[in-house]
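*Asks:* To be precise about what I am sending: the file is called start_19.txt and holds compact mmCIF, N, CA and C atoms.
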# COMPACT_ATOMS: atom_id res chain seq x y z
N MET A 1 0.85 -1.18 0.00
CA MET A 1 0.00 0.00 0.00
C MET A 1 0.89 1.23 0.00
N ARG A 2 0.60 2.12 -0.91
CA ARG A 2 1.35 3.37 -1.00
C ARG A 2 0.54 4.47 -0.33
N THR A 3 1.12 5.14 0.65
CA THR A 3 0.42 6.18 1.40
C THR A 3 1.04 7.53 1.08
N PHE A 4 0.16 8.49 0.78
CA PHE A 4 0.59 9.86 0.48
C PHE A 4 0.16 10.76 1.62
N GLN A 5 1.03 11.67 2.01
CA GLN A 5 0.73 12.62 3.07
C GLN A 5 0.17 13.89 2.46
N GLY A 6 -1.10 13.86 2.12
CA GLY A 6 -1.78 15.04 1.60
C GLY A 6 -1.79 15.12 0.08
N ILE A 7 -2.56 16.08 -0.39
CA ILE A 7 -2.76 16.28 -1.83
C ILE A 7 -1.47 16.70 -2.52
N ASP A 8 -0.66 17.55 -1.87
CA ASP A 8 0.59 18.00 -2.49
C ASP A 8 1.49 16.83 -2.83
N GLU A 9 1.64 15.89 -1.91
CA GLU A 9 2.50 14.73 -2.16
C GLU A 9 1.87 13.82 -3.23
N TYR A 10 0.56 13.67 -3.18
CA TYR A 10 -0.14 12.86 -4.18
C TYR A 10 0.05 13.44 -5.58
N GLU A 11 -0.01 14.75 -5.69
CA GLU A 11 0.15 15.43 -6.98
C GLU A 11 1.50 15.11 -7.62
N LYS A 12 2.52 14.94 -6.81
CA LYS A 12 3.86 14.62 -7.33
C LYS A 12 3.92 13.24 -7.99
N ALA A 13 2.90 12.41 -7.73
CA ALA A 13 2.87 11.06 -8.30
C ALA A 13 2.15 11.00 -9.65
N VAL A 14 1.68 12.14 -10.16
CA VAL A 14 1.00 12.14 -11.46
C VAL A 14 1.95 11.55 -12.51
N GLY A 15 1.40 10.62 -13.31
CA GLY A 15 2.20 9.97 -14.35
C GLY A 15 2.92 8.72 -13.89
N THR A 16 2.70 8.33 -12.63
CA THR A 16 3.39 7.14 -12.13
C THR A 16 2.40 6.02 -11.82
N HIS A 17 2.95 4.81 -11.79
CA HIS A 17 2.17 3.64 -11.40
C HIS A 17 2.14 3.59 -9.88
N LEU A 18 0.95 3.44 -9.31
CA LEU A 18 0.79 3.48 -7.87
C LEU A 18 0.97 2.12 -7.20
N GLY A 19 0.85 1.05 -7.98
CA GLY A 19 1.02 -0.28 -7.42
C GLY A 19 -0.10 -1.21 -7.82
N HIS A 20 -0.16 -2.37 -7.15
CA HIS A 20 -1.15 -3.40 -7.42
C HIS A 20 -1.88 -3.78 -6.14
N SER A 21 -3.11 -4.23 -6.31
CA SER A 21 -3.87 -4.79 -5.19
C SER A 21 -3.44 -6.23 -4.96
N GLU A 22 -4.04 -6.85 -3.96
CA GLU A 22 -3.90 -8.28 -3.75
C GLU A 22 -4.74 -9.01 -4.80
N TRP A 23 -4.54 -10.31 -4.93
CA TRP A 23 -5.37 -11.14 -5.80
C TRP A 23 -6.64 -11.52 -5.05
N HIS A 24 -7.77 -11.52 -5.77
CA HIS A 24 -9.07 -11.87 -5.20
C HIS A 24 -9.77 -12.87 -6.10
N THR A 25 -10.30 -13.94 -5.50
CA THR A 25 -11.03 -14.97 -6.24
C THR A 25 -12.48 -14.55 -6.43
N ILE A 26 -12.96 -14.67 -7.65
CA ILE A 26 -14.36 -14.36 -7.97
C ILE A 26 -15.17 -15.64 -7.77
N THR A 27 -16.17 -15.57 -6.90
CA THR A 27 -16.97 -16.76 -6.57
C THR A 27 -18.35 -16.70 -7.23
N GLN A 28 -18.95 -17.87 -7.37
CA GLN A 28 -20.31 -17.93 -7.89
C GLN A 28 -21.28 -17.22 -6.94
N GLU A 29 -21.00 -17.28 -5.65
CA GLU A 29 -21.86 -16.60 -4.68
C GLU A 29 -21.84 -15.08 -4.91
N GLN A 30 -20.66 -14.53 -5.18
CA GLN A 30 -20.57 -13.09 -5.50
C GLN A 30 -21.40 -12.76 -6.73
N VAL A 31 -21.23 -13.57 -7.77
CA VAL A 31 -21.93 -13.33 -9.02
C VAL A 31 -23.44 -13.44 -8.81
N ASN A 32 -23.89 -14.45 -8.07
CA ASN A 32 -25.32 -14.60 -7.79
C ASN A 32 -25.86 -13.42 -6.99
N GLY A 33 -25.09 -12.97 -6.01
CA GLY A 33 -25.51 -11.82 -5.20
C GLY A 33 -25.61 -10.56 -6.04
N PHE A 34 -24.67 -10.39 -6.95
CA PHE A 34 -24.71 -9.22 -7.84
C PHE A 34 -25.92 -9.32 -8.76
N ALA A 35 -26.20 -10.51 -9.26
CA ALA A 35 -27.37 -10.71 -10.11
C ALA A 35 -28.65 -10.36 -9.35
N ASP A 36 -28.73 -10.78 -8.10
CA ASP A 36 -29.91 -10.47 -7.28
C ASP A 36 -30.02 -8.97 -7.03
N ALA A 37 -28.90 -8.32 -6.78
CA ALA A 37 -28.91 -6.88 -6.49
C ALA A 37 -29.29 -6.05 -7.71
N THR A 38 -28.92 -6.52 -8.90
CA THR A 38 -29.13 -5.72 -10.11
C THR A 38 -30.26 -6.22 -11.00
N GLY A 39 -30.75 -7.43 -10.72
CA GLY A 39 -31.79 -8.01 -11.57
C GLY A 39 -31.27 -8.59 -12.87
N ASP A 40 -29.94 -8.69 -13.03
CA ASP A 40 -29.34 -9.25 -14.24
C ASP A 40 -29.03 -10.72 -14.00
N HIS A 41 -29.98 -11.58 -14.33
CA HIS A 41 -29.84 -13.01 -14.12
C HIS A 41 -29.57 -13.77 -15.42
N GLN A 42 -28.85 -13.14 -16.34
CA GLN A 42 -28.53 -13.81 -17.59
C GLN A 42 -27.79 -15.12 -17.30
N TRP A 43 -28.12 -16.15 -18.05
CA TRP A 43 -27.60 -17.49 -17.80
C TRP A 43 -26.09 -17.59 -17.82
N ILE A 44 -25.41 -16.76 -18.59
CA ILE A 44 -23.94 -16.83 -18.63
C ILE A 44 -23.33 -16.47 -17.28
N HIS A 45 -24.12 -15.84 -16.41
CA HIS A 45 -23.64 -15.47 -15.08
C HIS A 45 -24.10 -16.43 -13.99
N VAL A 46 -25.35 -16.93 -14.08
CA VAL A 46 -25.95 -17.61 -12.93
C VAL A 46 -26.34 -19.08 -13.15
N ASP A 47 -26.16 -19.61 -14.34
CA ASP A 47 -26.56 -20.99 -14.60
C ASP A 47 -25.33 -21.82 -15.00
N PRO A 48 -24.61 -22.36 -14.00
CA PRO A 48 -23.37 -23.10 -14.31
C PRO A 48 -23.57 -24.26 -15.28
N GLU A 49 -24.68 -24.96 -15.18
CA GLU A 49 -24.90 -26.11 -16.07
C GLU A 49 -25.03 -25.65 -17.51
N ARG A 50 -25.86 -24.68 -17.77
CA ARG A 50 -26.04 -24.17 -19.14
C ARG A 50 -24.76 -23.48 -19.63
N ALA A 51 -24.12 -22.70 -18.73
CA ALA A 51 -22.92 -21.95 -19.12
C ALA A 51 -21.76 -22.87 -19.46
N ALA A 52 -21.75 -24.08 -18.90
CA ALA A 52 -20.68 -25.03 -19.21
C ALA A 52 -20.62 -25.33 -20.70
N ASN A 53 -21.76 -25.24 -21.38
CA ASN A 53 -21.81 -25.49 -22.82
C ASN A 53 -21.88 -24.19 -23.62
N GLY A 54 -21.71 -23.07 -22.94
CA GLY A 54 -21.80 -21.77 -23.60
C GLY A 54 -20.47 -21.29 -24.13
N PRO A 55 -20.41 -20.04 -24.57
CA PRO A 55 -19.22 -19.51 -25.24
C PRO A 55 -17.99 -19.37 -24.34
N PHE A 56 -18.18 -19.37 -23.01
CA PHE A 56 -17.04 -19.16 -22.11
C PHE A 56 -16.66 -20.43 -21.33
N GLY A 57 -17.38 -21.52 -21.54
CA GLY A 57 -17.08 -22.77 -20.88
C GLY A 57 -17.46 -22.82 -19.41
N GLY A 58 -18.18 -21.84 -18.95
CA GLY A 58 -18.62 -21.76 -17.56
C GLY A 58 -19.19 -20.38 -17.30
N THR A 59 -19.64 -20.15 -16.09
CA THR A 59 -20.19 -18.84 -15.76
C THR A 59 -19.09 -17.79 -15.67
N ILE A 60 -19.49 -16.57 -15.95
CA ILE A 60 -18.56 -15.43 -15.89
C ILE A 60 -19.18 -14.34 -15.04
N ALA A 61 -18.33 -13.51 -14.47
CA ALA A 61 -18.78 -12.36 -13.69
C ALA A 61 -19.36 -11.31 -14.62
N HIS A 62 -20.33 -10.58 -14.12
CA HIS A 62 -20.85 -9.42 -14.84
C HIS A 62 -19.72 -8.40 -14.99
N GLY A 63 -19.67 -7.71 -16.12
CA GLY A 63 -18.69 -6.64 -16.26
C GLY A 63 -18.83 -5.60 -15.17
N TYR A 64 -20.08 -5.25 -14.85
CA TYR A 64 -20.29 -4.23 -13.82
C TYR A 64 -19.95 -4.74 -12.42
N LEU A 65 -19.97 -6.05 -12.21
CA LEU A 65 -19.47 -6.58 -10.94
C LEU A 65 -17.98 -6.30 -10.85
N THR A 66 -17.26 -6.57 -11.92
CA THR A 66 -15.82 -6.30 -11.94
C THR A 66 -15.57 -4.82 -11.67
N LEU A 67 -16.33 -3.95 -12.32
CA LEU A 67 -16.18 -2.51 -12.10
C LEU A 67 -16.49 -2.15 -10.65
N SER A 68 -17.49 -2.78 -10.06
CA SER A 68 -17.87 -2.45 -8.68
C SER A 68 -16.82 -2.87 -7.66
N LEU A 69 -15.87 -3.71 -8.05
CA LEU A 69 -14.78 -4.10 -7.15
C LEU A 69 -13.70 -3.04 -7.05
N LEU A 70 -13.72 -2.04 -7.93
CA LEU A 70 -12.63 -1.06 -7.95
C LEU A 70 -12.42 -0.34 -6.63
N PRO A 71 -13.44 0.11 -5.91
CA PRO A 71 -13.15 0.77 -4.62
C PRO A 71 -12.38 -0.14 -3.65
N MET A 72 -12.77 -1.40 -3.57
CA MET A 72 -12.07 -2.33 -2.68
C MET A 72 -10.64 -2.56 -3.16
N LEU A 73 -10.48 -2.79 -4.46
CA LEU A 73 -9.14 -3.03 -5.00
C LEU A 73 -8.25 -1.80 -4.84
N MET A 74 -8.81 -0.63 -5.10
CA MET A 74 -8.04 0.61 -4.98
C MET A 74 -7.62 0.87 -3.53
N SER A 75 -8.46 0.46 -2.57
CA SER A 75 -8.12 0.69 -1.16
C SER A 75 -6.88 -0.11 -0.75
N GLU A 76 -6.52 -1.12 -1.52
CA GLU A 76 -5.32 -1.90 -1.25
C GLU A 76 -4.08 -1.35 -1.96
N ILE A 77 -4.28 -0.38 -2.84
CA ILE A 77 -3.17 0.15 -3.64
C ILE A 77 -2.60 1.43 -3.04
N SER A 78 -3.47 2.40 -2.75
CA SER A 78 -2.97 3.67 -2.24
C SER A 78 -4.03 4.39 -1.43
N ARG A 79 -3.57 5.37 -0.65
CA ARG A 79 -4.48 6.25 0.06
C ARG A 79 -3.79 7.58 0.28
N VAL A 80 -4.62 8.61 0.43
CA VAL A 80 -4.11 9.95 0.70
C VAL A 80 -4.55 10.32 2.11
N GLU A 81 -3.58 10.58 2.97
CA GLU A 81 -3.85 10.95 4.36
C GLU A 81 -4.19 12.44 4.43
N GLY A 82 -4.87 12.81 5.51
CA GLY A 82 -5.13 14.22 5.79
C GLY A 82 -6.31 14.81 5.04
N LEU A 83 -7.12 13.97 4.41
CA LEU A 83 -8.31 14.47 3.71
C LEU A 83 -9.50 14.49 4.65
N ARG A 84 -10.41 15.44 4.44
CA ARG A 84 -11.69 15.39 5.16
C ARG A 84 -12.55 14.29 4.57
N MET A 85 -12.47 14.12 3.23
CA MET A 85 -13.19 13.03 2.57
C MET A 85 -12.72 12.90 1.13
N GLY A 86 -13.01 11.72 0.58
CA GLY A 86 -12.82 11.47 -0.84
C GLY A 86 -14.16 10.99 -1.39
N VAL A 87 -14.54 11.50 -2.55
CA VAL A 87 -15.85 11.18 -3.12
C VAL A 87 -15.67 10.65 -4.54
N ASN A 88 -16.37 9.55 -4.84
CA ASN A 88 -16.39 9.01 -6.19
C ASN A 88 -17.09 10.02 -7.10
N TYR A 89 -16.41 10.44 -8.17
CA TYR A 89 -16.97 11.43 -9.10
C TYR A 89 -17.42 10.78 -10.41
N GLY A 90 -17.06 9.50 -10.60
CA GLY A 90 -17.48 8.80 -11.81
C GLY A 90 -16.32 8.09 -12.48
N SER A 91 -16.56 7.65 -13.70
CA SER A 91 -15.55 6.92 -14.47
C SER A 91 -15.61 7.35 -15.93
N ASP A 92 -14.47 7.33 -16.58
CA ASP A 92 -14.37 7.60 -18.02
C ASP A 92 -13.85 6.33 -18.70
N LYS A 93 -14.22 6.16 -19.95
CA LYS A 93 -13.64 5.13 -20.82
C LYS A 93 -13.59 3.75 -20.18
N VAL A 94 -14.71 3.26 -19.68
CA VAL A 94 -14.77 1.93 -19.08
C VAL A 94 -14.87 0.89 -20.18
N ARG A 95 -14.02 -0.13 -20.11
CA ARG A 95 -14.03 -1.21 -21.09
C ARG A 95 -13.84 -2.54 -20.37
N PHE A 96 -14.38 -3.61 -20.97
CA PHE A 96 -14.24 -4.98 -20.46
C PHE A 96 -13.67 -5.85 -21.57
N PRO A 97 -12.35 -5.79 -21.81
CA PRO A 97 -11.75 -6.49 -22.95
C PRO A 97 -11.81 -8.02 -22.91
N ALA A 98 -11.94 -8.60 -21.71
CA ALA A 98 -11.96 -10.05 -21.60
C ALA A 98 -12.89 -10.45 -20.45
N PRO A 99 -13.46 -11.67 -20.53
CA PRO A 99 -14.36 -12.12 -19.46
C PRO A 99 -13.61 -12.53 -18.20
N VAL A 100 -14.35 -12.62 -17.09
CA VAL A 100 -13.82 -13.09 -15.81
C VAL A 100 -14.56 -14.38 -15.45
N PRO A 101 -13.97 -15.53 -15.76
CA PRO A 101 -14.62 -16.80 -15.39
C PRO A 101 -14.73 -16.92 -13.86
N VAL A 102 -15.86 -17.43 -13.41
CA VAL A 102 -16.02 -17.68 -11.98
C VAL A 102 -14.92 -18.64 -11.54
N GLY A 103 -14.33 -18.35 -10.39
CA GLY A 103 -13.23 -19.14 -9.87
C GLY A 103 -11.87 -18.56 -10.18
N SER A 104 -11.80 -17.58 -11.08
CA SER A 104 -10.51 -16.99 -11.41
C SER A 104 -10.16 -15.90 -10.39
N ARG A 105 -8.89 -15.54 -10.39
CA ARG A 105 -8.40 -14.50 -9.48
C ARG A 105 -8.10 -13.24 -10.28
N VAL A 106 -8.45 -12.10 -9.67
CA VAL A 106 -8.21 -10.81 -10.31
C VAL A 106 -7.47 -9.88 -9.34
N ARG A 107 -6.76 -8.94 -9.93
CA ARG A 107 -6.14 -7.87 -9.16
C ARG A 107 -6.15 -6.62 -10.02
N ALA A 108 -5.93 -5.47 -9.37
CA ALA A 108 -5.91 -4.20 -10.09
C ALA A 108 -4.53 -3.56 -9.98
N GLY A 109 -4.18 -2.86 -11.05
CA GLY A 109 -3.03 -1.97 -11.04
C GLY A 109 -3.56 -0.57 -11.30
N ALA A 110 -2.87 0.44 -10.78
CA ALA A 110 -3.38 1.81 -10.90
C ALA A 110 -2.27 2.78 -11.26
N GLU A 111 -2.64 3.75 -12.11
CA GLU A 111 -1.73 4.83 -12.51
C GLU A 111 -2.45 6.15 -12.29
N LEU A 112 -1.81 7.07 -11.58
CA LEU A 112 -2.38 8.41 -11.39
C LEU A 112 -2.15 9.20 -12.67
N VAL A 113 -3.22 9.43 -13.42
CA VAL A 113 -3.14 10.07 -14.74
C VAL A 113 -3.07 11.58 -14.61
N SER A 114 -3.92 12.15 -13.75
CA SER A 114 -3.93 13.60 -13.61
C SER A 114 -4.50 13.99 -12.26
N LEU A 115 -4.21 15.23 -11.87
CA LEU A 115 -4.76 15.80 -10.66
C LEU A 115 -4.98 17.28 -10.92
N GLU A 116 -6.23 17.71 -10.83
CA GLU A 116 -6.58 19.12 -11.03
C GLU A 116 -6.98 19.71 -9.70
N ARG A 117 -6.43 20.85 -9.36
CA ARG A 117 -6.80 21.54 -8.13
C ARG A 117 -8.18 22.15 -8.28
N THR A 118 -8.96 22.09 -7.21
CA THR A 118 -10.30 22.69 -7.16
C THR A 118 -10.40 23.53 -5.90
N ALA A 119 -11.50 24.27 -5.77
CA ALA A 119 -11.70 25.09 -4.57
C ALA A 119 -11.75 24.23 -3.31
N GLN A 120 -12.28 23.00 -3.43
CA GLN A 120 -12.40 22.11 -2.26
C GLN A 120 -11.14 21.28 -2.00
N GLY A 121 -10.31 21.10 -3.02
CA GLY A 121 -9.12 20.27 -2.88
C GLY A 121 -8.56 19.89 -4.23
N ALA A 122 -9.03 18.75 -4.77
CA ALA A 122 -8.50 18.30 -6.07
C ALA A 122 -9.45 17.26 -6.68
N ARG A 123 -9.33 17.11 -8.01
CA ARG A 123 -10.01 16.04 -8.74
C ARG A 123 -8.93 15.18 -9.37
N ALA A 124 -8.93 13.90 -9.01
CA ALA A 124 -7.90 12.98 -9.49
C ALA A 124 -8.49 12.03 -10.51
N LYS A 125 -7.69 11.68 -11.51
CA LYS A 125 -8.05 10.66 -12.49
C LYS A 125 -7.02 9.54 -12.38
N VAL A 126 -7.51 8.33 -12.07
CA VAL A 126 -6.64 7.16 -11.94
C VAL A 126 -7.08 6.13 -12.96
N ARG A 127 -6.13 5.67 -13.79
CA ARG A 127 -6.42 4.59 -14.74
C ARG A 127 -6.20 3.26 -14.00
N VAL A 128 -7.28 2.51 -13.90
CA VAL A 128 -7.24 1.23 -13.19
C VAL A 128 -7.36 0.12 -14.23
N THR A 129 -6.44 -0.81 -14.17
CA THR A 129 -6.45 -1.96 -15.06
C THR A 129 -6.58 -3.22 -14.21
N VAL A 130 -7.69 -3.93 -14.41
CA VAL A 130 -7.91 -5.18 -13.68
C VAL A 130 -7.49 -6.32 -14.59
N GLU A 131 -6.66 -7.19 -14.06
CA GLU A 131 -6.18 -8.34 -14.82
C GLU A 131 -6.63 -9.63 -14.14
N ARG A 132 -6.77 -10.67 -14.97
CA ARG A 132 -7.09 -12.00 -14.47
C ARG A 132 -5.81 -12.81 -14.45
N GLU A 133 -5.56 -13.50 -13.37
CA GLU A 133 -4.37 -14.33 -13.26
C GLU A 133 -4.34 -15.33 -14.41
N GLY A 134 -3.26 -15.32 -15.17
CA GLY A 134 -3.10 -16.21 -16.31
C GLY A 134 -3.74 -15.71 -17.59
N GLY A 135 -4.44 -14.58 -17.53
CA GLY A 135 -5.09 -14.03 -18.72
C GLY A 135 -4.11 -13.26 -19.58
N ASP A 136 -4.45 -13.13 -20.86
CA ASP A 136 -3.56 -12.40 -21.76
C ASP A 136 -4.06 -10.99 -22.06
N LYS A 137 -5.27 -10.65 -21.61
CA LYS A 137 -5.83 -9.31 -21.80
C LYS A 137 -6.43 -8.84 -20.50
N PRO A 138 -6.48 -7.52 -20.27
CA PRO A 138 -7.17 -7.03 -19.07
C PRO A 138 -8.64 -7.42 -19.11
N VAL A 139 -9.25 -7.51 -17.92
CA VAL A 139 -10.68 -7.80 -17.85
C VAL A 139 -11.50 -6.52 -17.64
N CYS A 140 -10.85 -5.46 -17.21
CA CYS A 140 -11.51 -4.16 -17.06
C CYS A 140 -10.44 -3.08 -17.08
N VAL A 141 -10.73 -2.01 -17.82
CA VAL A 141 -9.87 -0.83 -17.81
C VAL A 141 -10.81 0.36 -17.66
N ALA A 142 -10.55 1.19 -16.65
CA ALA A 142 -11.41 2.35 -16.40
C ALA A 142 -10.58 3.51 -15.88
N GLU A 143 -10.97 4.70 -16.26
CA GLU A 143 -10.39 5.90 -15.68
C GLU A 143 -11.35 6.38 -14.60
N VAL A 144 -10.92 6.24 -13.36
CA VAL A 144 -11.76 6.53 -12.20
C VAL A 144 -11.48 7.96 -11.73
N LEU A 145 -12.55 8.70 -11.51
CA LEU A 145 -12.45 10.10 -11.08
C LEU A 145 -12.85 10.21 -9.61
N SER A 146 -12.05 10.92 -8.84
CA SER A 146 -12.35 11.13 -7.42
C SER A 146 -12.17 12.60 -7.08
N VAL A 147 -13.02 13.09 -6.19
CA VAL A 147 -12.87 14.42 -5.63
C VAL A 147 -12.24 14.25 -4.25
N LEU A 148 -11.12 14.90 -4.03
CA LEU A 148 -10.40 14.83 -2.77
C LEU A 148 -10.60 16.16 -2.04
N VAL A 149 -11.20 16.12 -0.88
CA VAL A 149 -11.49 17.33 -0.12
C VAL A 149 -10.50 17.43 1.03
N GLY A 150 -9.67 18.48 0.97
CA GLY A 150 -8.63 18.67 1.99
C GLY A 150 -9.14 19.33 3.25
In structure tokens, write the structure found in this file.
*Replies:*
Amino acid sequence: MRTFQGIDEYEKAVGTHLGHSEWHTITQEQVNGFADATGDHQWIHVDPERAANGPFGGTIAHGYLTLSLLPMLMSEISRVEGLRMGVNYGSDKVRFPAPVPVGSRVRAGAELVSLERTAQGARAKVRVTVEREGGDKPVCVAEVLSVLVG
């Protein structure tokens, strides 16, 4: 975990790789819970028997489930101390280049792309790339925007 002492120190890291999260196994229980929460019960996600004969050879995580893991994964990569709060401002250019088969392990890498000063503190853009262990392509790439209030 990389820790920054305030926005000024974080700003000096623009253009650098911040590190990687731990590896996390994607379970069928997670996928089923996400399906229940979102109402997306497509068979490629929740029906292991049918999915075994489908295009991915088994069930896969929802793309948005993978995206929803970013706050947890990012919390293992870096943090900025001395803030009153940090707020999710959204995401740019979200892509899911490869599937995440249930049972596979994923981790995130992060690069601080930019930091713009604001009246409240700063707006940061971090490019997060989620990879699957043994995969040849990322499973999610997103530019995550955060408002940092000093």
*Asks:* If we count only C-alpha atoms, what is near A:His62 at a cut-off of 12 Å, once residues fewer than 3 positions away on the same chain are taken out, given as a CSV table (one decimal) with N, CA and C atoms, in the coordinates of the input?
*Replies:*
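That gives us result.csv:
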chain,number,residue,atom,x,y,z
A,26,ILE,N,-13.0,-14.7,-7.6
A,26,ILE,CA,-14.4,-14.4,-8.0
A,26,ILE,C,-15.2,-15.6,-7.8
A,27,THR,N,-16.2,-15.6,-6.9
A,27,THR,CA,-17.0,-16.8,-6.6
A,27,THR,C,-18.4,-16.7,-7.2
A,28,GLN,N,-19.0,-17.9,-7.4
A,28,GLN,CA,-20.3,-17.9,-7.9
A,28,GLN,C,-21.3,-17.2,-6.9
A,30,GLN,N,-20.7,-14.5,-5.2
A,30,GLN,CA,-20.6,-13.1,-5.5
A,30,GLN,C,-21.4,-12.8,-6.7
A,31,VAL,N,-21.2,-13.6,-7.8
A,31,VAL,CA,-21.9,-13.3,-9.0
A,31,VAL,C,-23.4,-13.4,-8.8
A,32,ASN,N,-23.9,-14.4,-8.1
A,32,ASN,CA,-25.3,-14.6,-7.8
A,32,ASN,C,-25.9,-13.4,-7.0
A,33,GLY,N,-25.1,-13.0,-6.0
A,33,GLY,CA,-25.5,-11.8,-5.2
A,33,GLY,C,-25.6,-10.6,-6.0
A,34,PHE,N,-24.7,-10.4,-7.0
A,34,PHE,CA,-24.7,-9.2,-7.8
A,34,PHE,C,-25.9,-9.3,-8.8
A,35,ALA,N,-26.2,-10.5,-9.3
A,35,ALA,CA,-27.4,-10.7,-10.1
A,35,ALA,C,-28.6,-10.4,-9.4
A,36,ASP,N,-28.7,-10.8,-8.1
A,36,ASP,CA,-29.9,-10.5,-7.3
A,36,ASP,C,-30.0,-9.0,-7.0
A,37,ALA,N,-28.9,-8.3,-6.8
A,37,ALA,CA,-28.9,-6.9,-6.5
A,37,ALA,C,-29.3,-6.0,-7.7
A,38,THR,N,-28.9,-6.5,-8.9
A,38,THR,CA,-29.1,-5.7,-10.1
A,38,THR,C,-30.3,-6.2,-11.0
A,39,GLY,N,-30.8,-7.4,-10.7
A,39,GLY,CA,-31.8,-8.0,-11.6
A,39,GLY,C,-31.3,-8.6,-12.9
A,40,ASP,N,-29.9,-8.7,-13.0
A,40,ASP,CA,-29.3,-9.2,-14.2
A,40,ASP,C,-29.0,-10.7,-14.0
A,41,HIS,N,-30.0,-11.6,-14.3
A,41,HIS,CA,-29.8,-13.0,-14.1
A,41,HIS,C,-29.6,-13.8,-15.4
A,42,GLN,N,-28.8,-13.1,-16.3
A,42,GLN,CA,-28.5,-13.8,-17.6
A,42,GLN,C,-27.8,-15.1,-17.3
A,43,TRP,N,-28.1,-16.2,-18.0
A,43,TRP,CA,-27.6,-17.5,-17.8
A,43,TRP,C,-26.1,-17.6,-17.8
A,44,ILE,N,-25.4,-16.8,-18.6
A,44,ILE,CA,-23.9,-16.8,-18.6
A,44,ILE,C,-23.3,-16.5,-17.3
A,45,HIS,N,-24.1,-15.8,-16.4
A,45,HIS,CA,-23.6,-15.5,-15.1
A,45,HIS,C,-24.1,-16.4,-14.0
A,46,VAL,N,-25.4,-16.9,-14.1
A,46,VAL,CA,-26.0,-17.6,-12.9
A,46,VAL,C,-26.3,-19.1,-13.2
A,59,THR,N,-19.6,-20.2,-16.1
A,59,THR,CA,-20.2,-18.8,-15.8
A,59,THR,C,-19.1,-17.8,-15.7
A,65,LEU,N,-20.0,-6.0,-12.2
A,65,LEU,CA,-19.5,-6.6,-10.9
A,65,LEU,C,-18.0,-6.3,-10.8
A,66,THR,N,-17.3,-6.6,-11.9
A,66,THR,CA,-15.8,-6.3,-11.9
A,66,THR,C,-15.6,-4.8,-11.7
A,67,LEU,N,-16.3,-4.0,-12.3
A,67,LEU,CA,-16.2,-2.5,-12.1
A,67,LEU,C,-16.5,-2.2,-10.6
A,68,SER,N,-17.5,-2.8,-10.1
A,68,SER,CA,-17.9,-2.4,-8.7
A,68,SER,C,-16.8,-2.9,-7.7
A,69,LEU,N,-15.9,-3.7,-8.0
A,69,LEU,CA,-14.8,-4.1,-7.2
A,69,LEU,C,-13.7,-3.0,-7.0
A,96,PHE,N,-14.4,-3.6,-21.0
A,96,PHE,CA,-14.2,-5.0,-20.5
A,96,PHE,C,-13.7,-5.8,-21.6
A,98,ALA,N,-11.9,-8.6,-21.7
A,98,ALA,CA,-12.0,-10.0,-21.6
A,98,ALA,C,-12.9,-10.4,-20.4
A,99,PRO,N,-13.5,-11.7,-20.5
A,99,PRO,CA,-14.4,-12.1,-19.5
A,99,PRO,C,-13.6,-12.5,-18.2
A,100,VAL,N,-14.4,-12.6,-17.1
A,100,VAL,CA,-13.8,-13.1,-15.8
A,100,VAL,C,-14.6,-14.4,-15.4
A,101,PRO,N,-14.0,-15.5,-15.8
A,101,PRO,CA,-14.6,-16.8,-15.4
A,101,PRO,C,-14.7,-16.9,-13.9
A,102,VAL,N,-15.9,-17.4,-13.4
A,102,VAL,CA,-16.0,-17.7,-12.0
A,102,VAL,C,-14.9,-18.6,-11.5
A,139,VAL,N,-9.2,-7.5,-17.9
A,139,VAL,CA,-10.7,-7.8,-17.8
A,139,VAL,C,-11.5,-6.5,-17.6
A,140,CYS,N,-10.8,-5.5,-17.2
A,140,CYS,CA,-11.5,-4.2,-17.1
A,140,CYS,C,-10.4,-3.1,-17.1
*Asks:* Can you tell me, as a PyMOL selection string, which residues in stretch 1-119 of chain A count as strand (DSSP E) by DSSP?
*Replies:* chain A and resi 2-5+17-20+24-25+78-81+85-95+105-117
*Asks:* For the atom pair atom N of A:Val130 and atom C of A:Ala108, what is the interatomic distance in Å to one decimal place?
*Replies:* 5.5 Å
*Asks:* Can you work out the spacing between atom CA of A:Leu70 and atom C of A:Lys93 in Å, to one decimal?
*Replies:*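 One can read the atom CA of A:Leu70 to atom C of A:Lys93 distance as 13.2 Å.
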*Asks:* Name the closest residue to A:Arg107 among the candidates A:Phe56, A:Trp23, A:Phe4, A:Tyr64; distances are taken between atoms, counting all atoms listed in the file.
*Replies:*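 Ranking A:Phe56, A:Trp23, A:Phe4, A:Tyr64 by distance to A:Arg107, first place goes to A:Trp23.
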*Asks:* Can you work out the spacing between atom CA of A:Arg2 and atom CA of A:Asp136 in Å, to one decimal?
*Replies:*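 Those two atoms sit 26.5 Å apart.
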*Asks:* So that I can check the surroundings of A:Val94, please list as an NGL selection string every protein, DNA and RNA residue that reaches within 7 Å of it, counting all atoms listed in the file and ignoring chain neighbours fewer than 6 positions away.
*Replies:* :A and (140-143)
*Asks:* Can you tell me which residues surround A:Ala119 at a distance of at most 8 Å, considering only N, CA and C atoms, apart from same-chain residues fewer than 3 positions away, and format the answer as number ranges by chain?
*Replies:* A: 116, 122-123, 149-150
*Asks:* Write out, as a CSV table (one decimal), in the frame of the given file, the residues just selected, with N, CA and C atoms.
*Replies:*
chain,number,residue,atom,x,y,z
A,116,GLU,N,-6.2,17.7,-10.8
A,116,GLU,CA,-6.6,19.1,-11.0
A,116,GLU,C,-7.0,19.7,-9.7
A,122,ALA,N,-9.0,18.8,-4.8
A,122,ALA,CA,-8.5,18.3,-6.1
A,122,ALA,C,-9.4,17.3,-6.7
A,123,ARG,N,-9.3,17.1,-8.0
A,123,ARG,CA,-10.0,16.0,-8.7
A,123,ARG,C,-8.9,15.2,-9.4
A,149,VAL,N,-11.2,16.1,-0.9
A,149,VAL,CA,-11.5,17.3,-0.1
A,149,VAL,C,-10.5,17.4,1.0
A,150,GLY,N,-9.7,18.5,1.0
A,150,GLY,CA,-8.6,18.7,2.0
A,150,GLY,C,-9.1,19.3,3.2
